[in-house]
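A.B. asks: Input upload09.cif, format and content: mmCIF, C-alpha atoms.
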```
data_coords
loop_
_atom_site.label_atom_id
_atom_site.label_comp_id
_atom_site.auth_asym_id
_atom_site.auth_seq_id
_atom_site.Cartn_x
_atom_site.Cartn_y
_atom_site.Cartn_z
CA MET O 1 10.44 -0.09 -30.98
CA LYS O 2 9.06 3.43 -31.37
CA THR O 3 7.82 5.79 -28.70
CA SER O 4 4.69 6.34 -30.81
CA ASP O 5 3.86 2.63 -30.36
CA PHE O 6 2.77 3.55 -26.83
CA TYR O 7 0.34 6.32 -27.76
CA TYR O 8 -3.37 6.19 -26.96
CA ASP O 9 -6.18 8.75 -27.06
CA LEU O 10 -7.38 10.00 -23.69
CA PRO O 11 -10.27 12.45 -23.25
CA GLU O 12 -9.17 15.24 -20.94
CA GLU O 13 -12.23 14.83 -18.72
CA LEU O 14 -10.96 11.40 -17.62
CA ILE O 15 -7.86 12.91 -15.96
CA ALA O 16 -8.66 12.81 -12.23
CA GLN O 17 -8.23 16.26 -10.68
CA ASP O 18 -9.03 15.42 -7.06
CA PRO O 19 -8.57 12.41 -4.78
CA LEU O 20 -11.66 10.50 -3.73
CA THR O 21 -12.94 11.10 -0.20
CA ASP O 22 -12.27 7.43 0.60
CA ARG O 23 -8.84 6.31 -0.62
CA SER O 24 -9.97 2.74 -1.23
CA ALA O 25 -13.20 3.64 -3.07
CA SER O 26 -11.52 3.77 -6.49
CA ARG O 27 -12.30 1.28 -9.21
CA LEU O 28 -9.97 -1.61 -9.98
CA MET O 29 -9.37 -3.16 -13.37
CA VAL O 30 -7.97 -6.68 -12.98
CA LEU O 31 -5.96 -7.79 -16.02
CA ASN O 32 -4.77 -11.34 -16.54
CA ARG O 33 -1.39 -10.60 -18.09
CA THR O 34 -1.25 -13.78 -20.16
CA SER O 35 -4.84 -14.20 -21.34
CA GLY O 36 -5.75 -10.51 -21.52
CA ILE O 37 -9.04 -11.19 -19.71
CA ILE O 38 -10.33 -8.07 -17.92
CA THR O 39 -12.52 -7.94 -14.81
CA HIS O 40 -13.99 -4.73 -13.41
CA LYS O 41 -13.93 -4.45 -9.63
CA HIS O 42 -13.52 -1.97 -6.79
CA PHE O 43 -10.16 -1.51 -5.08
CA THR O 44 -11.28 -3.18 -1.85
CA ASP O 45 -11.86 -6.35 -3.90
CA ILE O 46 -8.10 -6.67 -4.30
CA THR O 47 -8.13 -9.05 -1.33
CA ASP O 48 -9.93 -11.57 -3.56
CA TYR O 49 -6.87 -11.76 -5.81
CA LEU O 50 -4.20 -12.12 -3.12
CA ARG O 51 -3.31 -15.49 -1.61
CA PRO O 52 -1.79 -16.42 1.75
CA GLY O 53 1.98 -16.48 1.29
CA ASP O 54 2.01 -13.75 -1.35
CA CYS O 55 4.19 -10.71 -0.70
CA LEU O 56 3.20 -7.13 -1.41
CA VAL O 57 6.21 -4.85 -1.95
CA ARG O 58 5.48 -1.19 -1.32
CA ASN O 59 7.54 2.01 -1.52
CA ASN O 60 7.61 3.88 1.81
CA THR O 61 9.11 7.09 0.44
CA LYS O 62 7.57 10.39 1.49
CA VAL O 63 6.97 13.38 -0.77
CA ILE O 64 8.72 16.52 0.41
CA PRO O 65 7.43 20.09 -0.16
CA ALA O 66 10.02 20.39 -2.90
CA ARG O 67 8.96 23.67 -4.54
CA LEU O 68 10.62 26.77 -3.12
CA PHE O 69 9.85 30.30 -4.33
CA GLY O 70 12.19 33.20 -3.76
CA HIS O 71 14.07 36.09 -5.33
CA LYS O 72 17.48 36.42 -6.87
CA ILE O 73 19.65 38.66 -4.69
CA HIS O 74 22.17 41.24 -5.88
CA PRO O 75 24.36 41.83 -2.81
CA GLU O 76 26.52 44.34 -4.68
CA LYS O 77 23.64 46.83 -4.97
CA ASP O 78 23.42 49.82 -2.66
CA THR O 79 19.88 49.69 -1.29
CA PRO O 80 17.71 46.83 0.01
CA GLU O 81 15.18 47.48 -2.75
CA GLU O 82 17.84 47.21 -5.46
CA ARG O 83 19.22 43.98 -4.01
CA ILE O 84 15.93 42.12 -4.55
CA GLY O 85 15.89 40.76 -8.09
CA ALA O 86 13.70 38.52 -10.22
CA SER O 87 11.29 35.96 -8.80
CA VAL O 88 12.67 32.42 -9.11
CA GLU O 89 11.66 28.84 -8.33
CA VAL O 90 13.98 26.14 -7.02
CA PHE O 91 12.67 22.57 -7.20
CA LEU O 92 14.48 20.03 -5.00
CA LEU O 93 15.32 16.79 -6.79
CA LYS O 94 17.96 14.90 -4.85
CA ARG O 95 19.94 15.53 -1.68
CA LYS O 96 23.68 15.29 -2.35
CA SER O 97 24.89 16.17 1.15
CA ASP O 98 23.50 17.81 4.28
CA ASN O 99 22.94 21.22 2.68
CA VAL O 100 23.58 20.63 -1.05
CA TRP O 101 20.78 19.53 -3.38
CA GLU O 102 20.44 18.79 -7.06
CA THR O 103 17.62 21.01 -8.28
CA LEU O 104 15.64 22.32 -11.20
CA VAL O 105 15.49 26.11 -11.38
CA ARG O 106 13.26 28.57 -13.21
CA PRO O 107 14.13 30.73 -15.01
CA GLY O 108 17.47 29.07 -15.67
CA LYS O 109 18.99 32.11 -17.36
CA LYS O 110 18.63 34.06 -14.11
CA LEU O 111 20.44 31.48 -11.98
CA ARG O 112 23.95 30.95 -13.25
CA GLU O 113 26.84 29.66 -11.16
CA GLY O 114 27.42 31.88 -8.14
CA ALA O 115 23.93 33.40 -8.16
CA LYS O 116 22.34 33.96 -4.77
CA VAL O 117 18.70 33.40 -3.82
CA SER O 118 16.68 34.40 -0.77
CA PHE O 119 13.51 32.51 0.19
CA SER O 120 12.98 34.15 3.58
CA ASP O 121 15.00 35.47 6.48
CA LYS O 122 15.40 31.81 7.49
CA LEU O 123 16.63 30.35 4.19
CA SER O 124 18.97 31.42 1.39
CA ALA O 125 21.02 29.60 -1.21
CA THR O 126 23.90 29.84 -3.67
CA ILE O 127 24.06 28.16 -7.07
CA GLU O 128 27.24 26.09 -6.79
CA SER O 129 27.36 24.68 -10.32
CA VAL O 130 25.38 24.06 -13.49
CA LEU O 131 25.22 20.35 -14.39
CA PRO O 132 25.43 19.07 -17.99
CA ASP O 133 21.67 18.39 -18.12
CA GLY O 134 20.87 21.93 -16.96
CA ASN O 135 20.09 21.03 -13.35
CA ARG O 136 21.81 23.03 -10.62
CA LEU O 137 23.69 22.05 -7.50
CA VAL O 138 22.44 24.43 -4.83
CA LYS O 139 23.98 25.02 -1.41
CA PHE O 140 21.46 26.12 1.22
CA GLU O 141 22.20 28.33 4.21
CA TYR O 142 19.85 28.30 7.19
CA GLU O 143 19.63 28.18 10.96
CA GLY O 144 17.74 25.35 12.61
CA ILE O 145 16.41 22.16 11.05
CA PHE O 146 16.16 22.18 7.26
CA GLU O 147 13.14 19.85 7.13
CA GLU O 148 11.17 22.13 9.46
CA ILE O 149 12.01 25.19 7.37
CA LEU O 150 11.05 23.28 4.21
CA ASP O 151 7.69 22.32 5.73
CA GLU O 152 7.07 26.00 6.43
CA LEU O 153 8.22 27.49 3.12
CA GLY O 154 7.92 24.74 0.52
CA GLN O 155 4.97 23.53 -1.52
CA VAL O 156 4.13 19.91 -2.31
CA PRO O 157 4.63 19.45 -6.06
CA LEU O 158 1.74 18.09 -8.08
CA PRO O 159 1.93 16.80 -11.66
CA PRO O 160 1.21 19.50 -14.27
CA TYR O 161 -1.96 17.76 -15.46
CA ILE O 162 -3.60 18.36 -12.04
CA LYS O 163 -5.09 21.85 -12.23
CA HIS O 164 -7.05 21.85 -8.96
CA GLU O 165 -5.53 22.96 -5.69
CA LEU O 166 -4.96 20.08 -3.27
CA LYS O 167 -6.75 20.98 -0.03
CA ASP O 168 -5.10 18.27 2.09
CA ALA O 169 -1.42 17.63 1.34
CA ASP O 170 -1.62 14.27 3.12
CA ARG O 171 -3.75 12.96 0.26
CA TYR O 172 -0.64 13.05 -1.93
CA GLN O 173 1.11 10.75 0.57
CA THR O 174 0.58 7.05 1.15
CA VAL O 175 -0.61 6.11 4.65
CA TYR O 176 2.70 4.28 5.11
CA ALA O 177 5.00 7.07 3.87
CA LYS O 178 8.03 7.20 6.15
CA TYR O 179 11.27 8.50 4.61
CA ASP O 180 11.49 12.04 3.16
CA GLY O 181 12.96 12.38 -0.31
CA SER O 182 10.50 12.15 -3.21
CA ALA O 183 9.53 14.83 -5.70
CA ALA O 184 6.39 12.86 -6.60
CA ALA O 185 4.21 10.30 -4.86
CA PRO O 186 4.28 6.55 -5.60
CA THR O 187 0.65 6.89 -6.58
CA ALA O 188 -0.40 3.22 -6.71
CA GLY O 189 -0.08 3.20 -2.93
CA LEU O 190 -2.54 6.06 -2.50
CA HIS O 191 -5.45 3.59 -2.72
CA PHE O 192 -4.54 1.76 0.49
CA THR O 193 -6.00 2.58 3.89
CA ASP O 194 -4.75 1.31 7.24
CA GLU O 195 -7.90 -0.81 7.51
CA LEU O 196 -7.39 -2.45 4.11
CA LEU O 197 -3.72 -3.14 4.88
CA ALA O 198 -4.72 -4.74 8.20
CA LYS O 199 -7.19 -6.99 6.36
CA ILE O 200 -4.50 -7.98 3.86
CA SER O 201 -2.06 -8.86 6.64
CA ALA O 202 -4.74 -10.88 8.43
CA GLN O 203 -5.09 -12.99 5.26
CA GLY O 204 -1.50 -14.17 5.66
CA ILE O 205 -0.05 -11.89 3.00
CA GLN O 206 3.41 -10.53 3.75
CA ILE O 207 4.24 -6.83 3.30
CA ALA O 208 7.79 -5.71 2.54
CA ASP O 209 8.77 -2.04 2.56
CA VAL O 210 11.46 -0.74 0.22
CA THR O 211 12.42 2.86 -0.52
CA LEU O 212 12.86 4.64 -3.82
CA HIS O 213 12.90 8.42 -3.79
CA VAL O 214 10.92 9.31 -6.88
CA GLY O 215 12.55 11.93 -9.10
CA LEU O 216 11.05 13.87 -11.96
CA GLY O 217 13.07 11.79 -14.42
CA THR O 218 10.52 9.02 -14.03
CA PHE O 219 7.85 11.32 -15.45
CA ARG O 220 9.78 13.25 -18.05
CA PRO O 221 8.53 12.67 -21.58
CA VAL O 222 10.44 10.34 -23.87
CA LYS O 223 11.87 12.71 -26.48
CA VAL O 224 13.50 10.14 -28.77
CA ASP O 225 11.74 8.14 -31.47
CA ASP O 226 13.66 4.96 -30.63
CA VAL O 227 12.65 3.78 -27.14
CA THR O 228 16.01 2.08 -26.59
CA LYS O 229 17.81 5.44 -26.89
CA HIS O 230 16.01 6.94 -23.89
CA HIS O 231 18.06 7.35 -20.70
CA MET O 232 16.47 7.46 -17.25
CA HIS O 233 17.71 9.82 -14.55
CA THR O 234 19.09 8.13 -11.45
CA GLU O 235 17.02 7.74 -8.29
CA PHE O 236 18.11 6.64 -4.84
CA TYR O 237 16.82 3.31 -3.54
CA ARG O 238 17.23 1.22 -0.40
CA VAL O 239 16.36 -2.40 0.41
CA THR O 240 16.75 -3.34 4.07
CA ASP O 241 17.84 -6.73 5.35
CA GLU O 242 14.32 -7.22 6.72
CA ALA O 243 12.66 -6.48 3.38
CA ALA O 244 15.06 -8.75 1.48
CA ASP O 245 14.40 -11.59 3.93
CA ILE O 246 10.61 -11.21 3.67
CA ILE O 247 10.69 -11.17 -0.14
CA ASN O 248 13.15 -14.04 -0.55
CA THR O 249 11.31 -16.20 1.99
CA ALA O 250 7.96 -15.57 0.32
CA LYS O 251 9.36 -16.56 -3.06
CA GLN O 252 11.04 -19.69 -1.68
CA ASN O 253 7.72 -20.74 -0.11
CA GLY O 254 5.84 -20.36 -3.38
CA GLY O 255 4.31 -16.95 -2.78
CA ARG O 256 3.96 -14.41 -5.55
CA ILE O 257 5.88 -11.13 -5.43
CA ILE O 258 3.40 -8.36 -6.24
CA CYS O 259 4.64 -4.78 -6.41
CA VAL O 260 2.59 -1.79 -5.31
CA GLY O 261 3.50 0.61 -8.10
CA THR O 262 6.17 0.94 -10.74
CA THR O 263 8.65 2.46 -8.27
CA SER O 264 8.55 -0.64 -6.06
CA CYS O 265 8.97 -2.77 -9.18
CA ARG O 266 11.99 -0.77 -10.35
CA THR O 267 13.51 -1.02 -6.86
CA ILE O 268 13.34 -4.79 -6.52
CA GLU O 269 14.40 -5.36 -10.13
CA SER O 270 17.45 -3.17 -9.45
CA ALA O 271 18.38 -5.08 -6.31
CA THR O 272 17.78 -8.64 -7.60
CA ASP O 273 20.44 -10.85 -9.14
CA ASP O 274 20.05 -13.08 -12.19
CA ASP O 275 19.08 -16.01 -9.95
CA GLY O 276 16.04 -14.10 -8.66
CA ILE O 277 17.48 -13.38 -5.21
CA ILE O 278 17.05 -9.85 -3.89
CA HIS O 279 19.91 -8.38 -1.87
CA ALA O 280 19.84 -5.71 0.81
CA GLY O 281 21.65 -2.51 -0.06
CA GLU O 282 21.27 1.00 -1.33
CA GLY O 283 22.44 3.11 -4.23
CA ASP O 284 21.29 4.89 -7.36
CA THR O 285 19.33 3.20 -10.12
CA ASP O 286 18.55 4.28 -13.66
CA ILE O 287 16.85 1.02 -14.63
CA PHE O 288 14.56 1.43 -17.65
CA ILE O 289 12.04 -1.36 -18.12
CA TYR O 290 10.31 -1.70 -21.49
CA PRO O 291 9.02 -4.62 -23.59
CA GLY O 292 11.66 -7.29 -23.98
CA TYR O 293 12.84 -6.93 -20.38
CA ARG O 294 12.93 -10.22 -18.46
CA PHE O 295 11.64 -9.72 -14.93
CA LYS O 296 13.82 -11.23 -12.22
CA LEU O 297 11.34 -11.13 -9.36
CA THR O 298 8.14 -9.21 -10.11
CA GLN O 299 5.11 -11.44 -10.76
CA GLY O 300 2.28 -8.97 -10.35
CA LEU O 301 1.75 -5.23 -10.23
CA ILE O 302 -0.77 -2.85 -8.69
CA THR O 303 -0.59 0.39 -10.65
CA ASN O 304 -2.50 3.41 -11.87
CA PHE O 305 -3.24 4.32 -15.49
CA HIS O 306 -0.27 6.13 -17.02
CA LEU O 307 0.36 8.87 -19.55
CA PRO O 308 0.61 8.03 -23.26
CA GLU O 309 4.17 7.39 -24.49
CA SER O 310 5.53 7.40 -20.92
CA THR O 311 8.23 5.15 -19.46
CA LEU O 312 5.63 3.94 -16.94
CA LEU O 313 3.33 2.74 -19.71
CA MET O 314 6.33 0.98 -21.25
CA LEU O 315 7.04 -0.78 -17.94
CA VAL O 316 3.51 -2.18 -17.58
CA SER O 317 3.64 -3.22 -21.24
CA ALA O 318 6.77 -5.22 -20.44
CA LEU O 319 4.98 -7.13 -17.69
CA SER O 320 2.16 -8.13 -20.03
CA ASP O 321 2.60 -7.02 -23.65
CA ARG O 322 1.99 -3.78 -25.49
CA GLU O 323 -1.12 -4.93 -27.38
CA THR O 324 -2.78 -6.33 -24.25
CA ILE O 325 -2.08 -3.20 -22.23
CA LEU O 326 -3.27 -0.81 -24.94
CA ALA O 327 -6.45 -2.88 -25.34
CA ALA O 328 -7.01 -2.64 -21.57
CA TYR O 329 -6.45 1.13 -21.68
CA ALA O 330 -8.95 1.44 -24.54
CA GLU O 331 -11.52 -0.40 -22.40
CA ALA O 332 -10.70 1.83 -19.44
CA VAL O 333 -11.48 4.85 -21.62
CA ARG O 334 -14.76 3.30 -22.77
CA GLU O 335 -15.71 2.49 -19.17
CA LYS O 336 -14.72 6.00 -18.06
CA TYR O 337 -12.08 5.02 -15.54
CA ARG O 338 -10.27 7.93 -13.86
CA PHE O 339 -6.67 8.30 -15.07
CA PHE O 340 -3.26 9.25 -13.64
CA SER O 341 -2.18 10.12 -10.08
CA PHE O 342 -5.57 10.53 -8.39
CA GLY O 343 -7.28 8.05 -10.70
CA ASP O 344 -8.34 4.42 -10.54
CA ALA O 345 -6.13 1.36 -10.26
CA MET O 346 -5.16 -1.69 -12.27
CA LEU O 347 -3.99 -5.07 -11.00
CA ILE O 348 -1.84 -6.96 -13.52
CA ILE O 349 -1.42 -10.54 -12.43
#
```
Before we go any further, please render this structure as structure tokens.

C.D. replies:
Amino acid sequence: MKTSDFYYDLPEELIAQDPLTDRSASRLMVLNRTSGIITHKHFTDITDYLRPGDCLVRNNTKVIPARLFGHKIHPEKDTPEERIGASVEVFLLKRKSDNVWETLVRPGKKLREGAKVSFSDKLSATIESVLPDGNRLVKFEYEGIFEEILDELGQVPLPPYIKHELKDADRYQTVYAKYDGSAAAPTAGLHFTDELLAKISAQGIQIADVTLHVGLGTFRPVKVDDVTKHHMHTEFYRVTDEAADIINTAKQNGGRIICVGTTSCRTIESATDDDGIIHAGEGDTDIFIYPGYRFKLTQGLITNFHLPESTLLMLVSALSDRETILAAYAEAVREKYRFFSFGDAMLII
């Protein structure tokens, strides 16, 4: 299976640059994953495809303002002006302990082990070590509450294909975002409003919250020709006792388990045993789902339209099949759907 098998042509003008004013006003392509039949709807019509007893699984992670900009510091220099060095960026990926994070840094050649960085008079850092993949472990020094300082100094990261400035940072958060830790939003959830979720619950559909802190590894390009040789970076996930009980009970009662986004799907597939029972717990997952994977629990998926040759496109192709998904994407292009993070949605069921 080649990476190039998952390529498709996408006109640049179909890449959504801004969120819609109304979260739930996006279009919805409904794809029958076995027949390949496509229906064009609006996202609020999703209630027509959910049945009492079904269970929606959503990822309640919250995007942090993970981009920090500062200067390399040369404490050995004589004057304050000489001590301020090159401009640098530190991108938070994963918290390792209270004040140590795994990060991406730019430019890497400026930030070797032992290098010191100042972001403001409230926050500084030292590069503790360089990891084999080039990431850095960074130890932060600050007074007060780190999250409050990060809110003040950091910037919310947006994917590189979004060129417009985001005027309201909350639009890159789901309405149910709760736990800080992601470097990117679980974008399928961006379509939901509180009102739509209330309507779904009133229909007798269960909602289970899981957590997966989305890292950049999910979005990094596949650089190998052979899909099976690609390795995912690890991401932290958590399934609570409550969520496991809701999901297992729904399945036992004949309800369908429908994931809101690929991150929710990867979470429950990581936490489910071969008998289809999901277990509460937490840990790191590097699960990579591509065609040939046998799903343990996921029966449906609400998702956005993904980049060509991406691991996310491979995951949705595993739930249906590659030919069916690529045919649906070709129709989405013809029908001028909006693509990627702020784009339209697809329901695969």

A.B. asks: What's the 7 Å shell around O:Val156, counting all atoms listed in the file, without same-chain residues fewer than 2 positions away, as a PDB file with C-alpha atoms, in the coordinates of the input?

C.D. replies:
```
ATOM      1  CA  ILE O  64       8.720  16.520   0.410  1.00  0.00           C
ATOM      2  CA  PRO O  65       7.430  20.090  -0.160  1.00  0.00           C
ATOM      3  CA  ALA O  66      10.020  20.390  -2.900  1.00  0.00           C
ATOM      4  CA  ARG O  67       8.960  23.670  -4.540  1.00  0.00           C
ATOM      5  CA  GLY O 154       7.920  24.740   0.520  1.00  0.00           C
ATOM      6  CA  LEU O 158       1.740  18.090  -8.080  1.00  0.00           C
TER       7      LEU O 158
END
```

A.B. asks: Could you tell me how far atom CA of O:Pro19 sits from atom CA of O:Ile149, in Å to one decimal place?

C.D. replies: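 Distance between the two atoms: 27.1 Å.
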
A.B. asks: Atom CA of O:Phe342 and atom CA of O:Leu153, how far apart in Å?

C.D. replies: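 Taking atom CA of O:Leu153 as the start and atom CA of O:Phe342 as the end point, the length is 24.7 Å.
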
A.B. asks: Tell me, in Å to one decimal, how far atom CA of O:Leu111 is from atom CA of O:Asn99.

C.D. replies: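 Between atom CA of O:Leu111 and atom CA of O:Asn99 the gap is 18.1 Å.
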
A.B. asks: Using the chain letters and numbers from this file, what does the PyMOL selection byres ((chain O and resi 89) around 7) select? Give the answer as a list in words.

C.D. replies: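 So the PyMOL selection byres ((chain O and resi 89) around 7) ends up selecting Arg67, Leu68, Phe69, Gly70, Val88, Val90, Phe91, Val105 and Arg106 of chain O.
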